[in-house]
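Colleague: So here's data.pdb, just PDB, C-alpha atoms and all ligand atoms:
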ATOM      1  CA  MET H 150       0.000   0.000   0.000  1.00  0.00           C
ATOM      2  CA  LEU H 151       1.195   3.468  -0.808  1.00  0.00           C
ATOM      3  CA  VAL H 152       1.222   6.016   2.001  1.00  0.00           C
ATOM      4  CA  SER H 153       2.325   9.638   2.210  1.00  0.00           C
ATOM      5  CA  ARG H 154       5.206  10.449   4.391  1.00  0.00           C
ATOM      6  CA  LEU H 155       4.556  13.435   6.610  1.00  0.00           C
ATOM      7  CA  SER H 156       6.996  16.248   7.075  1.00  0.00           C
ATOM      8  CA  GLU H 157       9.226  15.526   9.990  1.00  0.00           C
ATOM      9  CA  GLU H 158      12.012  18.073  10.034  1.00  0.00           C
ATOM     10  CA  SER H 159      11.439  18.716  13.680  1.00  0.00           C
ATOM     11  CA  ILE H 160      11.547  15.082  14.693  1.00  0.00           C
ATOM     12  CA  THR H 161      14.833  13.941  16.151  1.00  0.00           C
ATOM     13  CA  GLN H 162      16.336  10.491  15.843  1.00  0.00           C
ATOM     14  CA  LYS H 163      15.558   9.938  19.492  1.00  0.00           C
ATOM     15  CA  ALA H 164      11.913  10.801  18.891  1.00  0.00           C
ATOM     16  CA  LYS H 165      11.755   8.295  16.029  1.00  0.00           C
ATOM     17  CA  GLU H 166      13.021   5.641  18.418  1.00  0.00           C
ATOM     18  CA  ASN H 167      10.393   6.649  20.956  1.00  0.00           C
ATOM     19  CA  TRP H 168       7.701   6.353  18.289  1.00  0.00           C
ATOM     20  CA  LEU H 169       8.934   2.862  17.530  1.00  0.00           C
ATOM     21  CA  SER H 170       8.407   1.980  21.194  1.00  0.00           C
ATOM     22  CA  TYR H 171       4.928   3.436  20.872  1.00  0.00           C
ATOM     23  CA  TRP H 172       4.227   1.308  17.805  1.00  0.00           C
ATOM     24  CA  LYS H 173       5.483  -1.840  19.559  1.00  0.00           C
ATOM     25  CA  TYR H 174       3.331  -1.084  22.564  1.00  0.00           C
ATOM     26  CA  PHE H 175       0.077  -0.597  20.670  1.00  0.00           C
ATOM     27  CA  SER H 176       0.447  -2.911  17.678  1.00  0.00           C
ATOM     28  CA  LYS H 177      -0.706  -6.474  18.012  1.00  0.00           C
ATOM     29  CA  SER H 178       1.932  -7.735  15.651  1.00  0.00           C
ATOM     30  CA  SER H 179       5.413  -8.756  16.712  1.00  0.00           C
ATOM     31  CA  HIS H 180       6.814  -7.942  13.283  1.00  0.00           C
ATOM     32  CA  GLU H 181      10.517  -7.203  13.645  1.00  0.00           C
ATOM     33  CA  LYS H 182      11.262  -6.125  10.092  1.00  0.00           C
ATOM     34  CA  CYS H 183      11.090  -2.825   8.266  1.00  0.00           C
ATOM     35  CA  SER H 184       7.655  -2.124   6.730  1.00  0.00           C
ATOM     36  CA  VAL H 185       8.999  -1.708   3.188  1.00  0.00           C
ATOM     37  CA  PRO H 186       8.335  -4.735   0.957  1.00  0.00           C
ATOM     38  CA  ASN H 187      11.392  -6.945   0.471  1.00  0.00           C
ATOM     39  CA  CYS H 188      13.468  -5.034   2.992  1.00  0.00           C
ATOM     40  CA  ALA H 189      15.129  -7.610   5.220  1.00  0.00           C
ATOM     41  CA  LYS H 190      16.434  -5.190   7.817  1.00  0.00           C
ATOM     42  CA  ASN H 191      15.000  -4.954  11.295  1.00  0.00           C
ATOM     43  CA  HIS H 192      13.178  -1.759  12.111  1.00  0.00           C
ATOM     44  CA  ASN H 193      14.849   0.636  14.526  1.00  0.00           C
ATOM     45  CA  GLN H 194      12.655   3.725  14.261  1.00  0.00           C
ATOM     46  CA  ALA H 195       9.150   4.800  13.307  1.00  0.00           C
ATOM     47  CA  ILE H 196       7.797   7.683  11.257  1.00  0.00           C
ATOM     48  CA  PHE H 197       4.452   9.377  10.630  1.00  0.00           C
ATOM     49  CA  VAL H 198       2.466   8.578   7.510  1.00  0.00           C
ATOM     50  CA  ALA H 199      -1.006   9.259   6.149  1.00  0.00           C
ATOM     51  CA  ASP H 200      -3.169   7.004   4.022  1.00  0.00           C
ATOM     52  CA  PRO H 201      -4.102   9.036   0.897  1.00  0.00           C
ATOM     53  CA  ASN H 202      -7.461   7.223   0.734  1.00  0.00           C
ATOM     54  CA  ASP H 203      -8.389   8.072   4.279  1.00  0.00           C
ATOM     55  CA  GLN H 204     -10.957  10.890   4.284  1.00  0.00           C
ATOM     56  CA  GLN H 205     -10.252  11.716   7.901  1.00  0.00           C
ATOM     57  CA  GLU H 206      -6.555  12.196   7.214  1.00  0.00           C
ATOM     58  CA  SER H 207      -5.505  10.323  10.300  1.00  0.00           C
ATOM     59  CA  ILE H 208      -1.841  10.146  11.140  1.00  0.00           C
ATOM     60  CA  TYR H 209      -0.289   6.747  11.659  1.00  0.00           C
ATOM     61  CA  VAL H 210       2.996   5.414  12.930  1.00  0.00           C
ATOM     62  CA  VAL H 211       4.864   2.762  10.932  1.00  0.00           C
ATOM     63  CA  PRO H 212       8.185   1.086  11.790  1.00  0.00           C
ATOM     64  CA  LEU H 213      11.126   1.318   9.383  1.00  0.00           C
ATOM     65  CA  CYS H 214      14.815   0.506   9.176  1.00  0.00           C
ATOM     66  CA  ALA H 215      17.341   3.368   9.343  1.00  0.00           C
ATOM     67  CA  GLU H 216      17.791   3.503   5.585  1.00  0.00           C
ATOM     68  CA  HIS H 217      14.099   3.774   4.767  1.00  0.00           C
ATOM     69  CA  GLY H 218      13.326   5.911   7.792  1.00  0.00           C
ATOM     70  CA  ASN H 219      15.820   8.538   6.693  1.00  0.00           C
ATOM     71  CA  ASN H 220      14.767   8.487   3.058  1.00  0.00           C
ATOM     72  CA  GLU H 221      13.427  11.872   1.951  1.00  0.00           C
ATOM     73  CA  SER H 222      10.764  10.681  -0.500  1.00  0.00           C
ATOM     74  CA  ASN H 223       7.207  11.931  -0.048  1.00  0.00           C
ATOM     75  CA  GLN H 224       5.579   8.621  -0.743  1.00  0.00           C
ATOM     76  CA  LEU H 225       6.360   5.271   0.709  1.00  0.00           C
ATOM     77  CA  GLU H 226       5.342   1.797  -0.357  1.00  0.00           C
ATOM     78  CA  ILE H 227       4.745  -0.420   2.651  1.00  0.00           C
ATOM     79  CA  GLN H 228       3.563  -3.969   3.062  1.00  0.00           C
ATOM     80  CA  ASP H 229      -0.197  -4.362   3.159  1.00  0.00           C
ATOM     81  CA  ASN H 230      -0.066  -6.365   6.366  1.00  0.00           C
ATOM     82  CA  VAL H 231       1.803  -3.750   8.373  1.00  0.00           C
ATOM     83  CA  GLU H 232      -0.278  -2.576  11.258  1.00  0.00           C
ATOM     84  CA  LEU H 233      -0.850   1.181  11.110  1.00  0.00           C
ATOM     85  CA  VAL H 234      -1.019   2.499  14.645  1.00  0.00           C
ATOM     86  CA  PRO H 235      -2.789   5.868  14.908  1.00  0.00           C
ATOM     87  CA  ILE H 236      -1.063   8.541  16.942  1.00  0.00           C
ATOM     88  CA  GLY H 237      -3.004   9.896  19.865  1.00  0.00           C
ATOM     89  CA  PHE H 238      -3.203   6.900  22.166  1.00  0.00           C
ATOM     90  CA  THR H 239      -2.114   7.631  25.690  1.00  0.00           C
ATOM     91  CA  LEU H 240       0.658   5.550  27.141  1.00  0.00           C
TER      92      LEU H 240
HETATM   93 ZN    ZN R   1      13.894  -0.891   5.218  1.00  0.00          ZN
END
Can you present the structure in this file as structure tokens?

Modeller:
Amino acid sequence: MLVSRLSEESITQKAKENWLSYWKYFSKSSHEKCSVPNCAKNHNQAIFVADPNDQQESIYVVPLCAEHGNNESNQLEIQDNVELVPIGFTL
């Protein structure tokens, strides 16, 4: 599935790691790999994305490896079975 990557200039590396902890906490999957299809690396950070087909424009967290997490592209292809965890849950 294709998702839009949200602007994240103000998000530090440490924050991306914290968002990965958030994703692990709320997702029901124990998926250890990056969300990009055919990427065999383990995820080590998470970023914000939006589903272009979502009318409510919710923001979701998805886990990625360092290489894909730091990629500057606006759109990102991720595996269809990756669990999108909405931001806004309270820890
Ligand atoms: Zn990757």

Colleague: Taking all atoms listed in the file into account, which residues are within 10 Å of ligand ZN 1 (chain R), as a PyMOL selection string?

Modeller: chain H and resi 182-193+212-220+227

Colleague: Could you take the residues named above and write them with C-alpha atoms, as a PDB file, in the frame of the given file?

Modeller:
ATOM      1  CA  LYS H 182      11.262  -6.125  10.092  1.00  0.00           C
ATOM      2  CA  CYS H 183      11.090  -2.825   8.266  1.00  0.00           C
ATOM      3  CA  SER H 184       7.655  -2.124   6.730  1.00  0.00           C
ATOM      4  CA  VAL H 185       8.999  -1.708   3.188  1.00  0.00           C
ATOM      5  CA  PRO H 186       8.335  -4.735   0.957  1.00  0.00           C
ATOM      6  CA  ASN H 187      11.392  -6.945   0.471  1.00  0.00           C
ATOM      7  CA  CYS H 188      13.468  -5.034   2.992  1.00  0.00           C
ATOM      8  CA  ALA H 189      15.129  -7.610   5.220  1.00  0.00           C
ATOM      9  CA  LYS H 190      16.434  -5.190   7.817  1.00  0.00           C
ATOM     10  CA  ASN H 191      15.000  -4.954  11.295  1.00  0.00           C
ATOM     11  CA  HIS H 192      13.178  -1.759  12.111  1.00  0.00           C
ATOM     12  CA  ASN H 193      14.849   0.636  14.526  1.00  0.00           C
ATOM     13  CA  PRO H 212       8.185   1.086  11.790  1.00  0.00           C
ATOM     14  CA  LEU H 213      11.126   1.318   9.383  1.00  0.00           C
ATOM     15  CA  CYS H 214      14.815   0.506   9.176  1.00  0.00           C
ATOM     16  CA  ALA H 215      17.341   3.368   9.343  1.00  0.00           C
ATOM     17  CA  GLU H 216      17.791   3.503   5.585  1.00  0.00           C
ATOM     18  CA  HIS H 217      14.099   3.774   4.767  1.00  0.00           C
ATOM     19  CA  GLY H 218      13.326   5.911   7.792  1.00  0.00           C
ATOM     20  CA  ASN H 219      15.820   8.538   6.693  1.00  0.00           C
ATOM     21  CA  ASN H 220      14.767   8.487   3.058  1.00  0.00           C
ATOM     22  CA  ILE H 227       4.745  -0.420   2.651  1.00  0.00           C
TER      23      ILE H 227
END

Colleague: Determine the nearest neighbour of Arg154 (chain H) from the options H:Glu206, H:Glu181, H:Asp200, H:Glu232, counting only C-alpha atoms.

Modeller: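 Between H:Glu206, H:Glu181, H:Asp200, H:Glu232, the residue approaching Arg154 (chain H) most closely is H:Asp200.
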
Colleague: Using the chain letters and numbering of this document, enumerate as number ranges by chain the residues selected by the PyMOL selection byres (((chain H and resi 225) around 7) and not hetatm).

Modeller: H: 151-154, 223-224, 226-227

Colleague: For Trp172 (chain H), which residue out of H:Gln204, H:Ser222, H:Thr239, H:Val234 is the nearest one, using only C-alpha atoms?

Modeller: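 The answer is H:Val234, which sits nearest to Trp172 (chain H).
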
Colleague: Pick out the closest residue to Asn202 (chain H) from this set: H:Leu155, H:Leu233, H:Ile160, H:Met150. Count all atoms listed in the file.

Modeller: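 Of the candidates, the smallest distance to Asn202 (chain H) is held by H:Met150.
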
Colleague: Might you spell out which residues the PyMOL selection byres (((chain H and resi 209) around 8) and not hetatm) would select in the displayed file, as a list in words?

Modeller: Phe197, Val198, Ala199, Ser207, Ile208, Val210, Val211, Leu233, Val234, Pro235 and Ile236 of chain H

Colleague: Can you tell me which residues surround Lys165 (chain H) at a distance of at most 8 Å, considering all atoms listed in the file, apart from same-chain residues fewer than 4 positions away, and format the answer as a PDB file with C-alpha atoms, in the frame of the given file?

Modeller:
ATOM      1  CA  ILE H 160      11.547  15.082  14.693  1.00  0.00           C
ATOM      2  CA  THR H 161      14.833  13.941  16.151  1.00  0.00           C
ATOM      3  CA  LEU H 169       8.934   2.862  17.530  1.00  0.00           C
ATOM      4  CA  GLN H 194      12.655   3.725  14.261  1.00  0.00           C
ATOM      5  CA  ALA H 195       9.150   4.800  13.307  1.00  0.00           C
ATOM      6  CA  ILE H 196       7.797   7.683  11.257  1.00  0.00           C
TER       7      ILE H 196
END

Colleague: Quick one: distance from CA of Ser179 (chain H) to CA of Asp229 (chain H) in Å, one decimal?

Modeller: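 Between CA of Ser179 (chain H) and CA of Asp229 (chain H) the gap is 15.3 Å.
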
Colleague: Tell me which of H:Val231, H:Phe238, H:Glu221, H:His180 sits closest to Ser156 (chain H), counting all atoms listed in the file.

Modeller: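 Comparing H:Val231, H:Phe238, H:Glu221, H:His180 against Ser156 (chain H), the winner is H:Glu221.
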
Colleague: Could you work out how far CA of Ser159 (chain H) lies from CA of Ser178 (chain H), giving the answer in Å with one decimal?

Modeller: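 Separation of CA of Ser178 (chain H) and CA of Ser159 (chain H): 28.2 Å.
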
Colleague: H:Ala164, H:Pro201, H:Ser176, H:Tyr171: which is nearest Gly237 (chain H), counting only C-alpha atoms?

Modeller: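 Between H:Ala164, H:Pro201, H:Ser176, H:Tyr171, the residue approaching Gly237 (chain H) most closely is H:Tyr171.
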
Colleague: Return region 183-201 of chain H, completed with N, CA and C atoms, as a PDB file, keeping the file's coordinate frame.

Modeller:
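Printed below is part_0.pdb as written:
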ATOM      1  N   CYS H 183      11.498  -4.079   8.901  1.00  0.00           N
ATOM      2  CA  CYS H 183      11.090  -2.825   8.266  1.00  0.00           C
ATOM      3  C   CYS H 183       9.782  -3.044   7.492  1.00  0.00           C
ATOM      4  N   SER H 184       8.961  -2.003   7.393  1.00  0.00           N
ATOM      5  CA  SER H 184       7.655  -2.124   6.730  1.00  0.00           C
ATOM      6  C   SER H 184       7.728  -2.129   5.204  1.00  0.00           C
ATOM      7  N   VAL H 185       8.877  -1.779   4.647  1.00  0.00           N
ATOM      8  CA  VAL H 185       8.999  -1.708   3.188  1.00  0.00           C
ATOM      9  C   VAL H 185       9.091  -3.118   2.607  1.00  0.00           C
ATOM     10  N   PRO H 186       8.310  -3.395   1.552  1.00  0.00           N
ATOM     11  CA  PRO H 186       8.335  -4.735   0.957  1.00  0.00           C
ATOM     12  C   PRO H 186       9.754  -5.136   0.554  1.00  0.00           C
ATOM     13  N   ASN H 187      10.100  -6.368   0.838  1.00  0.00           N
ATOM     14  CA  ASN H 187      11.392  -6.945   0.471  1.00  0.00           C
ATOM     15  C   ASN H 187      12.585  -6.361   1.220  1.00  0.00           C
ATOM     16  N   CYS H 188      12.352  -5.529   2.175  1.00  0.00           N
ATOM     17  CA  CYS H 188      13.468  -5.034   2.992  1.00  0.00           C
ATOM     18  C   CYS H 188      13.662  -6.034   4.124  1.00  0.00           C
ATOM     19  N   ALA H 189      14.870  -6.556   4.236  1.00  0.00           N
ATOM     20  CA  ALA H 189      15.129  -7.610   5.220  1.00  0.00           C
ATOM     21  C   ALA H 189      15.686  -7.076   6.529  1.00  0.00           C
ATOM     22  N   LYS H 190      15.847  -5.757   6.601  1.00  0.00           N
ATOM     23  CA  LYS H 190      16.434  -5.190   7.817  1.00  0.00           C
ATOM     24  C   LYS H 190      15.399  -5.100   8.941  1.00  0.00           C
ATOM     25  N   ASN H 191      15.895  -5.153  10.152  1.00  0.00           N
ATOM     26  CA  ASN H 191      15.000  -4.954  11.295  1.00  0.00           C
ATOM     27  C   ASN H 191      14.689  -3.467  11.430  1.00  0.00           C
ATOM     28  N   HIS H 192      13.498  -3.174  11.902  1.00  0.00           N
ATOM     29  CA  HIS H 192      13.178  -1.759  12.111  1.00  0.00           C
ATOM     30  C   HIS H 192      13.893  -1.248  13.358  1.00  0.00           C
ATOM     31  N   ASN H 193      14.219   0.029  13.349  1.00  0.00           N
ATOM     32  CA  ASN H 193      14.849   0.636  14.526  1.00  0.00           C
ATOM     33  C   ASN H 193      14.310   2.037  14.789  1.00  0.00           C
ATOM     34  N   GLN H 194      13.263   2.408  14.065  1.00  0.00           N
ATOM     35  CA  GLN H 194      12.655   3.725  14.261  1.00  0.00           C
ATOM     36  C   GLN H 194      11.262   3.695  13.645  1.00  0.00           C
ATOM     37  N   ALA H 195      10.477   4.727  13.911  1.00  0.00           N
ATOM     38  CA  ALA H 195       9.150   4.800  13.307  1.00  0.00           C
ATOM     39  C   ALA H 195       8.896   6.222  12.851  1.00  0.00           C
ATOM     40  N   ILE H 196       8.103   6.351  11.792  1.00  0.00           N
ATOM     41  CA  ILE H 196       7.797   7.683  11.257  1.00  0.00           C
ATOM     42  C   ILE H 196       6.287   7.838  11.125  1.00  0.00           C
ATOM     43  N   PHE H 197       5.868   9.068  10.825  1.00  0.00           N
ATOM     44  CA  PHE H 197       4.452   9.377  10.630  1.00  0.00           C
ATOM     45  C   PHE H 197       4.096   9.277   9.158  1.00  0.00           C
ATOM     46  N   VAL H 198       2.962   8.641   8.888  1.00  0.00           N
ATOM     47  CA  VAL H 198       2.466   8.578   7.510  1.00  0.00           C
ATOM     48  C   VAL H 198       0.962   8.834   7.526  1.00  0.00           C
ATOM     49  N   ALA H 199       0.433   9.110   6.311  1.00  0.00           N
ATOM     50  CA  ALA H 199      -1.006   9.259   6.149  1.00  0.00           C
ATOM     51  C   ALA H 199      -1.442   8.381   4.991  1.00  0.00           C
ATOM     52  N   ASP H 200      -2.604   7.803   5.102  1.00  0.00           N
ATOM     53  CA  ASP H 200      -3.169   7.004   4.022  1.00  0.00           C
ATOM     54  C   ASP H 200      -3.907   7.961   3.085  1.00  0.00           C
ATOM     55  N   PRO H 201      -3.480   8.076   1.821  1.00  0.00           N
ATOM     56  CA  PRO H 201      -4.102   9.036   0.897  1.00  0.00           C
ATOM     57  C   PRO H 201      -5.590   8.765   0.677  1.00  0.00           C
TER      58      PRO H 201
END
